[in-house]
file structure-v3.pdb (PDB, C-alpha atoms)
ATOM      1  CA  MET A 167       0.000   0.000   0.000  1.00  0.00           C
ATOM      2  CA  LYS A 168       1.541   3.229  -1.197  1.00  0.00           C
ATOM      3  CA  ASN A 169       0.066   5.387   1.503  1.00  0.00           C
ATOM      4  CA  LYS A 170      -0.938   4.607   5.091  1.00  0.00           C
ATOM      5  CA  LEU A 171      -4.619   4.825   5.849  1.00  0.00           C
ATOM      6  CA  LEU A 172      -5.773   6.449   9.010  1.00  0.00           C
ATOM      7  CA  LEU A 173      -9.186   4.946   9.383  1.00  0.00           C
ATOM      8  CA  GLY A 174     -11.647   5.056  12.260  1.00  0.00           C
ATOM      9  CA  ILE A 175     -14.405   2.535  12.685  1.00  0.00           C
ATOM     10  CA  THR A 176     -17.802   3.301  14.094  1.00  0.00           C
ATOM     11  CA  LEU A 177     -20.535   0.712  13.740  1.00  0.00           C
ATOM     12  CA  VAL A 178     -24.007   1.982  13.037  1.00  0.00           C
ATOM     13  CA  ALA A 179     -26.660   0.452  15.280  1.00  0.00           C
ATOM     14  CA  LEU A 180     -29.949   0.056  13.465  1.00  0.00           C
ATOM     15  CA  PRO A 181     -33.079   0.656  15.576  1.00  0.00           C
ATOM     16  CA  LEU A 182     -34.963  -2.538  16.300  1.00  0.00           C
ATOM     17  CA  THR A 183     -38.353  -2.694  17.949  1.00  0.00           C
ATOM     18  CA  LEU A 184     -39.633  -6.125  18.942  1.00  0.00           C
ATOM     19  CA  ALA A 185     -43.214  -7.155  18.654  1.00  0.00           C
ATOM     20  CA  ALA A 186     -45.358  -6.842  21.733  1.00  0.00           C
ATOM     21  CA  CYS A 187     -47.860  -9.636  22.235  1.00  0.00           C
ATOM     22  CA  GLY A 188     -50.796  -9.834  24.595  1.00  0.00           C
ATOM     23  CA  SER A 189     -53.835 -11.984  25.086  1.00  0.00           C
ATOM     24  CA  ASN A 190     -57.300 -11.062  26.299  1.00  0.00           C
ATOM     25  CA  GLU A 191     -59.700 -13.781  27.399  1.00  0.00           C
ATOM     26  CA  LYS A 192     -63.413 -13.182  27.614  1.00  0.00           C
ATOM     27  CA  SER A 193     -66.174 -15.608  28.706  1.00  0.00           C
ATOM     28  CA  ASN A 194     -69.183 -15.997  26.434  1.00  0.00           C
ATOM     29  CA  ALA A 195     -72.821 -16.570  27.444  1.00  0.00           C
ATOM     30  CA  ASN A 196     -72.398 -20.373  27.431  1.00  0.00           C
ATOM     31  CA  GLY A 197     -69.640 -20.240  30.010  1.00  0.00           C
ATOM     32  CA  SER A 198     -66.877 -21.166  27.558  1.00  0.00           C
ATOM     33  CA  SER A 199     -63.986 -18.822  26.970  1.00  0.00           C
ATOM     34  CA  SER A 200     -62.511 -17.622  23.722  1.00  0.00           C
ATOM     35  CA  ALA A 201     -58.989 -16.253  23.526  1.00  0.00           C
ATOM     36  CA  LYS A 202     -58.277 -13.166  21.514  1.00  0.00           C
ATOM     37  CA  THR A 203     -54.652 -12.441  20.905  1.00  0.00           C
ATOM     38  CA  THR A 204     -53.478  -9.092  19.662  1.00  0.00           C
ATOM     39  CA  MET A 205     -50.054  -8.428  18.268  1.00  0.00           C
ATOM     40  CA  ASN A 206     -48.634  -5.012  17.554  1.00  0.00           C
ATOM     41  CA  VAL A 207     -45.587  -5.295  15.349  1.00  0.00           C
ATOM     42  CA  LYS A 208     -43.353  -2.376  14.539  1.00  0.00           C
ATOM     43  CA  LYS A 209     -41.123  -2.884  11.545  1.00  0.00           C
ATOM     44  CA  THR A 210     -37.391  -2.584  11.920  1.00  0.00           C
ATOM     45  CA  VAL A 211     -36.480   0.962  10.994  1.00  0.00           C
ATOM     46  CA  MET A 212     -33.415   1.178   8.769  1.00  0.00           C
ATOM     47  CA  SER A 213     -31.383   4.322   8.815  1.00  0.00           C
ATOM     48  CA  LYS A 214     -31.115   6.188   5.513  1.00  0.00           C
ATOM     49  CA  THR A 215     -27.443   6.870   6.227  1.00  0.00           C
ATOM     50  CA  GLY A 216     -24.663   4.470   7.132  1.00  0.00           C
ATOM     51  CA  GLU A 217     -21.079   3.296   6.790  1.00  0.00           C
ATOM     52  CA  ILE A 218     -19.171   1.157   4.316  1.00  0.00           C
ATOM     53  CA  VAL A 219     -16.752  -0.995   6.301  1.00  0.00           C
ATOM     54  CA  GLY A 220     -14.421  -3.541   4.720  1.00  0.00           C
ATOM     55  CA  SER A 221     -12.852  -6.601   6.316  1.00  0.00           C
ATOM     56  CA  TYR A 222      -9.204  -5.549   6.599  1.00  0.00           C
ATOM     57  CA  ASN A 223      -7.739  -4.264   9.865  1.00  0.00           C
ATOM     58  CA  SER A 224      -3.987  -3.894  10.231  1.00  0.00           C
ATOM     59  CA  LYS A 225      -2.233  -5.360  13.262  1.00  0.00           C
ATOM     60  CA  ASP A 226      -1.214  -1.915  14.493  1.00  0.00           C
ATOM     61  CA  LYS A 227      -4.863  -0.767  14.142  1.00  0.00           C
ATOM     62  CA  LYS A 228      -3.840   2.165  11.962  1.00  0.00           C
ATOM     63  CA  VAL A 229      -5.873   0.692   9.111  1.00  0.00           C
ATOM     64  CA  LEU A 230      -9.433  -0.272   9.976  1.00  0.00           C
ATOM     65  CA  GLY A 231     -12.296  -1.307   7.724  1.00  0.00           C
ATOM     66  CA  ALA A 232     -10.381  -1.207   4.437  1.00  0.00           C
ATOM     67  CA  THR A 233     -11.107  -3.305   1.348  1.00  0.00           C
ATOM     68  CA  LEU A 234      -7.929  -4.714  -0.187  1.00  0.00           C
ATOM     69  CA  PRO A 235      -7.421  -5.654  -3.848  1.00  0.00           C
ATOM     70  CA  GLY A 236      -9.101  -8.997  -4.537  1.00  0.00           C
ATOM     71  CA  LYS A 237     -11.642  -8.492  -1.729  1.00  0.00           C
ATOM     72  CA  LYS A 238     -15.184  -7.176  -1.682  1.00  0.00           C
ATOM     73  CA  VAL A 239     -17.354  -5.086   0.620  1.00  0.00           C
ATOM     74  CA  MET A 240     -21.137  -5.200   0.953  1.00  0.00           C
ATOM     75  CA  PHE A 241     -23.676  -2.873   2.544  1.00  0.00           C
ATOM     76  CA  THR A 242     -27.472  -2.815   2.676  1.00  0.00           C
ATOM     77  CA  VAL A 243     -29.676   0.236   2.199  1.00  0.00           C
ATOM     78  CA  PRO A 244     -33.450   0.676   2.456  1.00  0.00           C
ATOM     79  CA  LYS A 245     -35.744   1.598  -0.393  1.00  0.00           C
ATOM     80  CA  THR A 246     -37.104   5.103  -0.088  1.00  0.00           C
ATOM     81  CA  LYS A 247     -40.688   6.152  -0.717  1.00  0.00           C
ATOM     82  CA  GLY A 248     -41.671   6.889  -4.302  1.00  0.00           C
ATOM     83  CA  ASN A 249     -40.533   5.404  -7.599  1.00  0.00           C
ATOM     84  CA  THR A 250     -36.800   5.977  -7.235  1.00  0.00           C
ATOM     85  CA  THR A 251     -34.157   5.497  -4.557  1.00  0.00           C
ATOM     86  CA  HIS A 252     -31.153   7.765  -5.095  1.00  0.00           C
ATOM     87  CA  LEU A 253     -27.960   6.168  -3.757  1.00  0.00           C
ATOM     88  CA  HIS A 254     -25.015   8.343  -2.689  1.00  0.00           C
ATOM     89  CA  PHE A 255     -21.675   7.180  -1.260  1.00  0.00           C
ATOM     90  CA  ALA A 256     -18.003   8.055  -0.972  1.00  0.00           C
ATOM     91  CA  PHE A 257     -14.837   6.113  -0.096  1.00  0.00           C
ATOM     92  CA  MET A 258     -11.155   6.830  -0.593  1.00  0.00           C
ATOM     93  CA  HIS A 259      -8.783   5.665  -3.331  1.00  0.00           C
ATOM     94  CA  ALA A 260      -6.241   4.959  -0.612  1.00  0.00           C
ATOM     95  CA  ALA A 261      -3.128   5.005  -2.788  1.00  0.00           C
ATOM     96  CA  SER A 262      -3.802   8.651  -3.696  1.00  0.00           C
ATOM     97  CA  GLY A 263      -2.956   9.945  -0.220  1.00  0.00           C
ATOM     98  CA  SER A 264      -2.922  13.743   0.015  1.00  0.00           C
ATOM     99  CA  LYS A 265      -4.095  14.071  -3.598  1.00  0.00           C
ATOM    100  CA  GLY A 266      -7.505  13.139  -2.234  1.00  0.00           C
ATOM    101  CA  TRP A 267      -8.948  10.797  -4.850  1.00  0.00           C
ATOM    102  CA  TYR A 268     -12.204   9.121  -3.918  1.00  0.00           C
ATOM    103  CA  PHE A 269     -14.993   7.071  -5.498  1.00  0.00           C
ATOM    104  CA  ALA A 270     -18.622   8.257  -5.703  1.00  0.00           C
ATOM    105  CA  PRO A 271     -21.569   8.085  -8.124  1.00  0.00           C
ATOM    106  CA  ASN A 272     -20.917   9.841 -11.451  1.00  0.00           C
ATOM    107  CA  SER A 273     -24.124  11.814 -11.196  1.00  0.00           C
ATOM    108  CA  GLU A 274     -24.438  14.499  -8.526  1.00  0.00           C
ATOM    109  CA  THR A 275     -27.981  13.213  -7.887  1.00  0.00           C
ATOM    110  CA  GLY A 276     -26.646   9.724  -7.106  1.00  0.00           C
ATOM    111  CA  ILE A 277     -27.295   6.327  -8.677  1.00  0.00           C
ATOM    112  CA  ASP A 278     -30.981   5.910  -9.536  1.00  0.00           C
ATOM    113  CA  LEU A 279     -32.535   2.623  -8.439  1.00  0.00           C
ATOM    114  CA  ASN A 280     -36.029   2.089  -9.861  1.00  0.00           C
ATOM    115  CA  ASN A 281     -38.205   0.766  -7.047  1.00  0.00           C
ATOM    116  CA  LYS A 282     -40.752  -0.656  -9.491  1.00  0.00           C
ATOM    117  CA  SER A 283     -38.494  -2.430 -11.972  1.00  0.00           C
ATOM    118  CA  MET A 284     -36.074  -3.780  -9.376  1.00  0.00           C
ATOM    119  CA  LYS A 285     -38.017  -6.874  -8.353  1.00  0.00           C
ATOM    120  CA  SER A 286     -37.025  -9.333  -5.651  1.00  0.00           C
ATOM    121  CA  GLY A 287     -33.822 -11.129  -6.591  1.00  0.00           C
ATOM    122  CA  SER A 288     -33.038  -8.886  -9.548  1.00  0.00           C
ATOM    123  CA  THR A 289     -29.495  -7.540  -9.923  1.00  0.00           C
ATOM    124  CA  LYS A 290     -28.177  -4.396 -11.635  1.00  0.00           C
ATOM    125  CA  ASP A 291     -24.571  -3.688 -12.617  1.00  0.00           C
ATOM    126  CA  ILE A 292     -23.691  -0.142 -11.508  1.00  0.00           C
ATOM    127  CA  THR A 293     -19.942  -0.183 -12.217  1.00  0.00           C
ATOM    128  CA  ASN A 294     -20.160   2.399 -14.999  1.00  0.00           C
ATOM    129  CA  GLU A 295     -22.288   4.676 -12.825  1.00  0.00           C
ATOM    130  CA  ILE A 296     -19.375   5.234 -10.429  1.00  0.00           C
ATOM    131  CA  GLY A 297     -16.677   7.842 -10.974  1.00  0.00           C
ATOM    132  CA  LEU A 298     -13.342   8.942  -9.534  1.00  0.00           C
ATOM    133  CA  PHE A 299     -13.191  12.386  -7.933  1.00  0.00           C
ATOM    134  CA  GLU A 300     -10.682  14.444  -5.992  1.00  0.00           C
ATOM    135  CA  ALA A 301     -11.172  16.555  -2.867  1.00  0.00           C
ATOM    136  CA  PRO A 302      -7.667  17.608  -1.785  1.00  0.00           C
ATOM    137  CA  ASP A 303      -9.051  20.459   0.294  1.00  0.00           C
ATOM    138  CA  LYS A 304     -12.339  21.667   1.773  1.00  0.00           C
ATOM    139  CA  ASN A 305     -13.120  23.896  -1.198  1.00  0.00           C
ATOM    140  CA  THR A 306     -12.567  21.420  -4.016  1.00  0.00           C
ATOM    141  CA  VAL A 307     -14.526  18.596  -5.631  1.00  0.00           C
ATOM    142  CA  LYS A 308     -13.833  17.702  -9.250  1.00  0.00           C
ATOM    143  CA  LYS A 309     -13.660  14.647 -11.443  1.00  0.00           C
ATOM    144  CA  VAL A 310     -10.323  12.966 -12.027  1.00  0.00           C
ATOM    145  CA  THR A 311      -9.654  12.830 -15.779  1.00  0.00           C
ATOM    146  CA  LYS A 312      -5.930  12.102 -16.078  1.00  0.00           C
ATOM    147  CA  ASP A 313      -2.846  10.703 -14.362  1.00  0.00           C
ATOM    148  CA  SER A 314      -1.229  12.653 -11.554  1.00  0.00           C
ATOM    149  CA  GLY A 315       2.466  11.868 -11.444  1.00  0.00           C
ATOM    150  CA  LYS A 316       2.880   8.168 -10.668  1.00  0.00           C
ATOM    151  CA  LEU A 317      -0.795   7.943  -9.762  1.00  0.00           C
ATOM    152  CA  LYS A 318      -2.607   6.372 -12.715  1.00  0.00           C
ATOM    153  CA  TYR A 319      -6.135   7.132 -13.898  1.00  0.00           C
ATOM    154  CA  GLU A 320      -8.278   4.757 -15.951  1.00  0.00           C
ATOM    155  CA  ASN A 321     -11.895   3.736 -16.474  1.00  0.00           C
ATOM    156  CA  ILE A 322     -13.647   2.686 -13.287  1.00  0.00           C
ATOM    157  CA  ASP A 323     -13.640  -1.033 -14.199  1.00  0.00           C
ATOM    158  CA  LYS A 324      -9.850  -0.976 -13.743  1.00  0.00           C
ATOM    159  CA  TYR A 325     -10.499  -0.428 -10.036  1.00  0.00           C
ATOM    160  CA  MET A 326     -13.734  -2.229  -9.227  1.00  0.00           C
ATOM    161  CA  SER A 327     -16.933  -3.964 -10.208  1.00  0.00           C
ATOM    162  CA  ALA A 328     -20.166  -2.993  -8.462  1.00  0.00           C
ATOM    163  CA  SER A 329     -23.710  -4.325  -8.405  1.00  0.00           C
ATOM    164  CA  VAL A 330     -27.030  -3.857  -6.625  1.00  0.00           C
ATOM    165  CA  LYS A 331     -29.403  -6.685  -5.703  1.00  0.00           C
ATOM    166  CA  GLU A 332     -32.968  -6.250  -4.497  1.00  0.00           C
ATOM    167  CA  LYS A 333     -33.916  -8.469  -1.577  1.00  0.00           C
ATOM    168  CA  ASN A 334     -36.906  -8.228   0.757  1.00  0.00           C
ATOM    169  CA  GLY A 335     -37.535  -4.573   0.040  1.00  0.00           C
ATOM    170  CA  LYS A 336     -33.908  -3.537   0.491  1.00  0.00           C
ATOM    171  CA  TYR A 337     -30.925  -3.047  -1.801  1.00  0.00           C
ATOM    172  CA  ILE A 338     -27.677  -4.942  -1.227  1.00  0.00           C
ATOM    173  CA  ILE A 339     -24.677  -3.210  -2.804  1.00  0.00           C
ATOM    174  CA  THR A 340     -21.554  -5.256  -3.524  1.00  0.00           C
ATOM    175  CA  ILE A 341     -18.278  -3.568  -4.495  1.00  0.00           C
ATOM    176  CA  GLU A 342     -15.321  -5.757  -5.458  1.00  0.00           C
ATOM    177  CA  ASN A 343     -11.826  -4.294  -5.505  1.00  0.00           C
ATOM    178  CA  ASN A 344     -10.257  -5.705  -8.665  1.00  0.00           C
ATOM    179  CA  SER A 345      -7.475  -3.110  -8.968  1.00  0.00           C
ATOM    180  CA  LYS A 346      -4.020  -4.372  -9.909  1.00  0.00           C
ATOM    181  CA  ASP A 347      -0.705  -3.397 -11.459  1.00  0.00           C
ATOM    182  CA  ASP A 348      -0.482   0.389 -12.065  1.00  0.00           C
ATOM    183  CA  TYR A 349      -4.012   0.900 -10.734  1.00  0.00           C
ATOM    184  CA  LYS A 350      -3.705  -1.166  -7.568  1.00  0.00           C
ATOM    185  CA  THR A 351      -5.148   0.516  -4.483  1.00  0.00           C
ATOM    186  CA  PRO A 352      -6.962  -0.374  -1.274  1.00  0.00           C
ATOM    187  CA  PHE A 353     -10.324   1.289  -0.665  1.00  0.00           C
ATOM    188  CA  SER A 354     -10.930   3.032   2.638  1.00  0.00           C
ATOM    189  CA  SER A 355     -14.124   2.663   4.593  1.00  0.00           C
ATOM    190  CA  GLY A 356     -16.810   5.128   3.564  1.00  0.00           C
ATOM    191  CA  VAL A 357     -20.264   6.627   3.979  1.00  0.00           C
ATOM    192  CA  TRP A 358     -23.574   6.032   2.159  1.00  0.00           C
ATOM    193  CA  LYS A 359     -26.944   7.749   2.050  1.00  0.00           C
ATOM    194  CA  VAL A 360     -30.249   7.153   0.244  1.00  0.00           C
ATOM    195  CA  THR A 361     -32.906   9.729  -0.535  1.00  0.00           C
ATOM    196  CA  SER A 362     -36.123   9.954  -2.536  1.00  0.00           C
ATOM    197  CA  GLU A 363     -35.095  13.375  -3.837  1.00  0.00           C
ATOM    198  CA  SER A 364     -33.054  13.923  -6.974  1.00  0.00           C
ATOM    199  CA  LYS A 365     -30.463  16.404  -5.746  1.00  0.00           C
ATOM    200  CA  LYS A 366     -26.788  16.957  -4.991  1.00  0.00           C
ATOM    201  CA  SER A 367     -25.596  15.432  -1.738  1.00  0.00           C
ATOM    202  CA  PHE A 368     -22.619  15.122   0.622  1.00  0.00           C
ATOM    203  CA  ASP A 369     -20.575  13.013  -1.822  1.00  0.00           C
ATOM    204  CA  GLN A 370     -20.143  15.869  -4.303  1.00  0.00           C
ATOM    205  CA  LYS A 371     -20.415  18.952  -2.109  1.00  0.00           C
ATOM    206  CA  PRO A 372     -17.039  20.406  -1.090  1.00  0.00           C
ATOM    207  CA  SER A 373     -16.462  20.194   2.669  1.00  0.00           C
ATOM    208  CA  ALA A 374     -13.709  19.683   5.198  1.00  0.00           C
ATOM    209  CA  ALA A 375     -15.312  16.346   6.098  1.00  0.00           C
ATOM    210  CA  LEU A 376     -15.245  15.085   2.508  1.00  0.00           C
ATOM    211  CA  SER A 377     -11.615  16.177   2.114  1.00  0.00           C
ATOM    212  CA  THR A 378     -10.710  14.371   5.336  1.00  0.00           C
ATOM    213  CA  LEU A 379     -12.196  11.160   3.956  1.00  0.00           C
ATOM    214  CA  ALA A 380     -10.541  11.609   0.561  1.00  0.00           C
ATOM    215  CA  THR A 381      -7.057  12.404   1.901  1.00  0.00           C
ATOM    216  CA  MET A 382      -6.857  10.361   5.113  1.00  0.00           C
ATOM    217  CA  GLY A 383      -9.694   7.841   5.069  1.00  0.00           C
ATOM    218  CA  HIS A 384     -11.408   9.175   8.188  1.00  0.00           C
ATOM    219  CA  ARG A 385     -15.174   8.829   7.733  1.00  0.00           C
ATOM    220  CA  GLU A 386     -16.639   9.995  11.056  1.00  0.00           C
ATOM    221  CA  ASP A 387     -17.057  13.681  10.153  1.00  0.00           C
ATOM    222  CA  LEU A 388     -18.537  12.873   6.750  1.00  0.00           C
ATOM    223  CA  LEU A 389     -21.019  10.494   8.356  1.00  0.00           C
ATOM    224  CA  SER A 390     -22.192  13.368  10.556  1.00  0.00           C
ATOM    225  CA  VAL A 391     -22.532  15.616   7.516  1.00  0.00           C
ATOM    226  CA  ALA A 392     -24.535  12.962   5.659  1.00  0.00           C
ATOM    227  CA  LYS A 393     -26.856  12.443   8.615  1.00  0.00           C
ATOM    228  CA  SER A 394     -27.493  16.148   9.069  1.00  0.00           C
ATOM    229  CA  SER A 395     -28.086  16.939   5.396  1.00  0.00           C
ATOM    230  CA  LYS A 396     -31.633  16.752   4.051  1.00  0.00           C
TER
END

call {"tool": "encode", "arguments": {"input": "structure-v3.pdb", "output": "structure tokens"}}
result
Amino acid sequence: MKNKLLLGITLVALPLTLAACGSNEKSNANGSSSAKTTMNVKKTVMSKTGEIVGSYNSKDKKVLGATLPGKKVMFTVPKTKGNTTHLHFAFMHAASGSKGWYFAPNSETGIDLNNKSMKSGSTKDITNEIGLFEAPDKNTVKKVTKDSGKLKYENIDKYMSASVKEKNGKYIITIENNSKDDYKTPFSSGVWKVTSESKKSFDQKPSAALSTLATMGHREDLLSVAKSSK
């Protein structure tokens, strides 16, 4: 790994409310009793913002939650209300270091997932809907379009393959790091968000938090920004 990652890891706890069950027995006119059971079930509420955490942790704990070349990372997001779920995310091209390269959806409105056409079990390849950006400072976000010194730029499929699968009303995103040779790089952990609105989000808005993720791999501040943004 060309540059050390300084990654923090914070697990997101998803709210879970268990069903409450009760029974109410009443006697009828014939002296027999009938049991009436009521059950109030509250569905598990999935957050619309979360973290992308890979499986690699270095022994010295300086690298946490990274995804190394040849490995994959998966995360699950809820469907939003309406016809379309807009998926936003960001994670660092770790070999870029202070140059601040990071991966995010090509479109500033995110990757569009059609809630009607994506039926249970269906899968969509989203590799070509992901782009490489740079945020070397808090005032900058722009697409990477060329090499930068020894740092090599190529089409996104030189770095990864990515897909979305619909399952039980949720979307499971799988990103496989297939980078090698001149394009080899670990991916840092990252942040995701889904929204029903077609608009620019945290992954393409310049901020100190986004630059911190892109240059050092720290995701905590960007997670806070994503949670607070509407």

call {"tool": "residues_around", "arguments": {"input": "structure-v3.pdb", "residues": "region 359-376 of chain A", "least_positions_apart": "3", "cutoff": "6 Å", "atoms": "only C-alpha atoms", "output": "list in words"}}
result
Lys214, Thr215, Thr246, Thr251, His252, Leu253, His254, Phe255, Ala256, Glu274, Thr275, Lys304, Asn305, Thr306, Val307, Leu379, Asp387, Leu388 and Ala392 of chain A

call {"tool": "write_last_selection", "arguments": {"input": "structure-v3.pdb", "atoms": "C-alpha atoms", "output": "short mmCIF file (atom, residue, chain, number, x, y, z; two decimals), in the frame of the given file"}}
result
data_model
loop_
_atom_site.label_atom_id
_atom_site.label_comp_id
_atom_site.auth_asym_id
_atom_site.auth_seq_id
_atom_site.Cartn_x
_atom_site.Cartn_y
_atom_site.Cartn_z
CA LYS A 214 -31.12 6.19 5.51
CA THR A 215 -27.44 6.87 6.23
CA THR A 246 -37.10 5.10 -0.09
CA THR A 251 -34.16 5.50 -4.56
CA HIS A 252 -31.15 7.76 -5.10
CA LEU A 253 -27.96 6.17 -3.76
CA HIS A 254 -25.02 8.34 -2.69
CA PHE A 255 -21.68 7.18 -1.26
CA ALA A 256 -18.00 8.06 -0.97
CA GLU A 274 -24.44 14.50 -8.53
CA THR A 275 -27.98 13.21 -7.89
CA LYS A 304 -12.34 21.67 1.77
CA ASN A 305 -13.12 23.90 -1.20
CA THR A 306 -12.57 21.42 -4.02
CA VAL A 307 -14.53 18.60 -5.63
CA LEU A 379 -12.20 11.16 3.96
CA ASP A 387 -17.06 13.68 10.15
CA LEU A 388 -18.54 12.87 6.75
CA ALA A 392 -24.54 12.96 5.66
#

call {"tool": "closest_atom_pairs", "arguments": {"input": "structure-v3.pdb", "of": "region 302-338 of chain A", "to": "region 261-268 of chain A", "cutoff": "9 Å", "atoms": "all atoms listed in the file", "output": "Markdown table"}}
result
| residue | atom | partner | partner_atom | distance |
| --- | --- | --- | --- | --- |
| A:Pro302 | CA | A:Gly266 | CA | 4.5 |
| A:Asp303 | CA | A:Gly266 | CA | 7.9 |
| A:Lys309 | CA | A:Trp267 | CA | 9.0 |
| A:Val310 | CA | A:Trp267 | CA | 7.6 |
| A:Ser314 | CA | A:Lys265 | CA | 8.6 |
| A:Leu317 | CA | A:Ser262 | CA | 6.8 |

call {"tool": "closest_residue", "arguments": {"input": "structure-v3.pdb", "among": "A:Ser221, A:Asn334, A:Ser283, A:Thr381", "to": "Met258 (chain A)", "atoms": "all atoms listed in the file"}}
result
A:Thr381

call {"tool": "atom_distance", "arguments": {"input": "structure-v3.pdb", "atom1": "CA of Ser355 (chain A)", "atom2": "CA of Lys247 (chain A)"}}
result
27.3 Å

call {"tool": "atom_distance", "arguments": {"input": "structure-v3.pdb", "atom1": "CA of Ser377 (chain A)", "atom2": "CA of Val219 (chain A)"}}
result
18.4 Å

call {"tool": "residues_around", "arguments": {"input": "structure-v3.pdb", "residues": "region 226-240 of chain A", "least_positions_apart": "4", "cutoff": "10 Å", "atoms": "all atoms listed in the file", "output": "MDAnalysis selection string"}}
result
chainID A and resid 167 170:176 217:222 257:258 260 325:330 338:346 350:356 383:384

call {"tool": "write_last_selection", "arguments": {"input": "structure-v3.pdb", "atoms": "C-alpha atoms", "output": "CSV table (one decimal), in the frame of the given file"}}
result
chain,number,residue,atom,x,y,z
A,167,MET,CA,0.0,0.0,0.0
A,170,LYS,CA,-0.9,4.6,5.1
A,171,LEU,CA,-4.6,4.8,5.8
A,172,LEU,CA,-5.8,6.4,9.0
A,173,LEU,CA,-9.2,4.9,9.4
A,174,GLY,CA,-11.6,5.1,12.3
A,175,ILE,CA,-14.4,2.5,12.7
A,176,THR,CA,-17.8,3.3,14.1
A,217,GLU,CA,-21.1,3.3,6.8
A,218,ILE,CA,-19.2,1.2,4.3
A,219,VAL,CA,-16.8,-1.0,6.3
A,220,GLY,CA,-14.4,-3.5,4.7
A,221,SER,CA,-12.9,-6.6,6.3
A,222,TYR,CA,-9.2,-5.5,6.6
A,257,PHE,CA,-14.8,6.1,-0.1
A,258,MET,CA,-11.2,6.8,-0.6
A,260,ALA,CA,-6.2,5.0,-0.6
A,325,TYR,CA,-10.5,-0.4,-10.0
A,326,MET,CA,-13.7,-2.2,-9.2
A,327,SER,CA,-16.9,-4.0,-10.2
A,328,ALA,CA,-20.2,-3.0,-8.5
A,329,SER,CA,-23.7,-4.3,-8.4
A,330,VAL,CA,-27.0,-3.9,-6.6
A,338,ILE,CA,-27.7,-4.9,-1.2
A,339,ILE,CA,-24.7,-3.2,-2.8
A,340,THR,CA,-21.6,-5.3,-3.5
A,341,ILE,CA,-18.3,-3.6,-4.5
A,342,GLU,CA,-15.3,-5.8,-5.5
A,343,ASN,CA,-11.8,-4.3,-5.5
A,344,ASN,CA,-10.3,-5.7,-8.7
A,345,SER,CA,-7.5,-3.1,-9.0
A,346,LYS,CA,-4.0,-4.4,-9.9
A,350,LYS,CA,-3.7,-1.2,-7.6
A,351,THR,CA,-5.1,0.5,-4.5
A,352,PRO,CA,-7.0,-0.4,-1.3
A,353,PHE,CA,-10.3,1.3,-0.7
A,354,SER,CA,-10.9,3.0,2.6
A,355,SER,CA,-14.1,2.7,4.6
A,356,GLY,CA,-16.8,5.1,3.6
A,383,GLY,CA,-9.7,7.8,5.1
A,384,HIS,CA,-11.4,9.2,8.2

call {"tool": "atom_distance", "arguments": {"input": "structure-v3.pdb", "atom1": "CA of Phe269 (chain A)", "atom2": "CA of Glu386 (chain A)"}}
result
16.9 Å

call {"tool": "closest_residue", "arguments": {"input": "structure-v3.pdb", "among": "A:Ser273, A:Asn294, A:Ser390, A:Ser395", "to": "Asn321 (chain A)", "atoms": "only C-alpha atoms"}}
result
A:Asn294

call {"tool": "axis_aligned_box", "arguments": {"input": "structure-v3.pdb", "around": "region 280-295 of chain A", "padding_each_side": "8 Å", "output": "AutoDock Vina command-line options"}}
result
--center_x -30.3 --center_y -3.2 --center_z -10.3 --size_x 36.8 --size_y 31.8 --size_z 25.3

call {"tool": "resolve_selection", "arguments": {"input": "structure-v3.pdb", "expression": "the PyMOL selection byres ((chain A and resi 282) around 12)", "output": "list of chain:residue names"}}
result
A:Lys245, A:Thr246, A:Lys247, A:Gly248, A:Asn249, A:Thr250, A:Thr251, A:Asp278, A:Leu279, A:Asn280, A:Asn281, A:Ser283, A:Met284, A:Lys285, A:Ser286, A:Ser288, A:Glu332, A:Gly335

call {"tool": "resolve_selection", "arguments": {"input": "structure-v3.pdb", "expression": "the PyMOL selection byres ((chain A and resi 320) around 10)", "output": "VMD selection string"}}
result
chain A and resid 298 310 to 313 318 to 319 321 to 325 348 to 349

call {"tool": "write_last_selection", "arguments": {"input": "structure-v3.pdb", "atoms": "C-alpha atoms", "output": "compact mmCIF listing (two decimals), in the frame of the given file"}}
result
# COMPACT_ATOMS: atom_id res chain seq x y z
CA LEU A 298 -13.34 8.94 -9.53
CA VAL A 310 -10.32 12.97 -12.03
CA THR A 311 -9.65 12.83 -15.78
CA LYS A 312 -5.93 12.10 -16.08
CA ASP A 313 -2.85 10.70 -14.36
CA LYS A 318 -2.61 6.37 -12.72
CA TYR A 319 -6.14 7.13 -13.90
CA ASN A 321 -11.90 3.74 -16.47
CA ILE A 322 -13.65 2.69 -13.29
CA ASP A 323 -13.64 -1.03 -14.20
CA LYS A 324 -9.85 -0.98 -13.74
CA TYR A 325 -10.50 -0.43 -10.04
CA ASP A 348 -0.48 0.39 -12.06
CA TYR A 349 -4.01 0.90 -10.73

call {"tool": "closest_residue", "arguments": {"input": "structure-v3.pdb", "among": "A:Thr293, A:Thr378, A:Ser213, A:Thr242", "to": "Lys336 (chain A)", "atoms": "all atoms listed in the file"}}
result
A:Thr242

call {"tool": "closest_residue", "arguments": {"input": "structure-v3.pdb", "among": "A:Lys225, A:Ile277, A:Ala270, A:Val391", "to": "Ala301 (chain A)", "atoms": "only C-alpha atoms"}}
result
A:Ala270
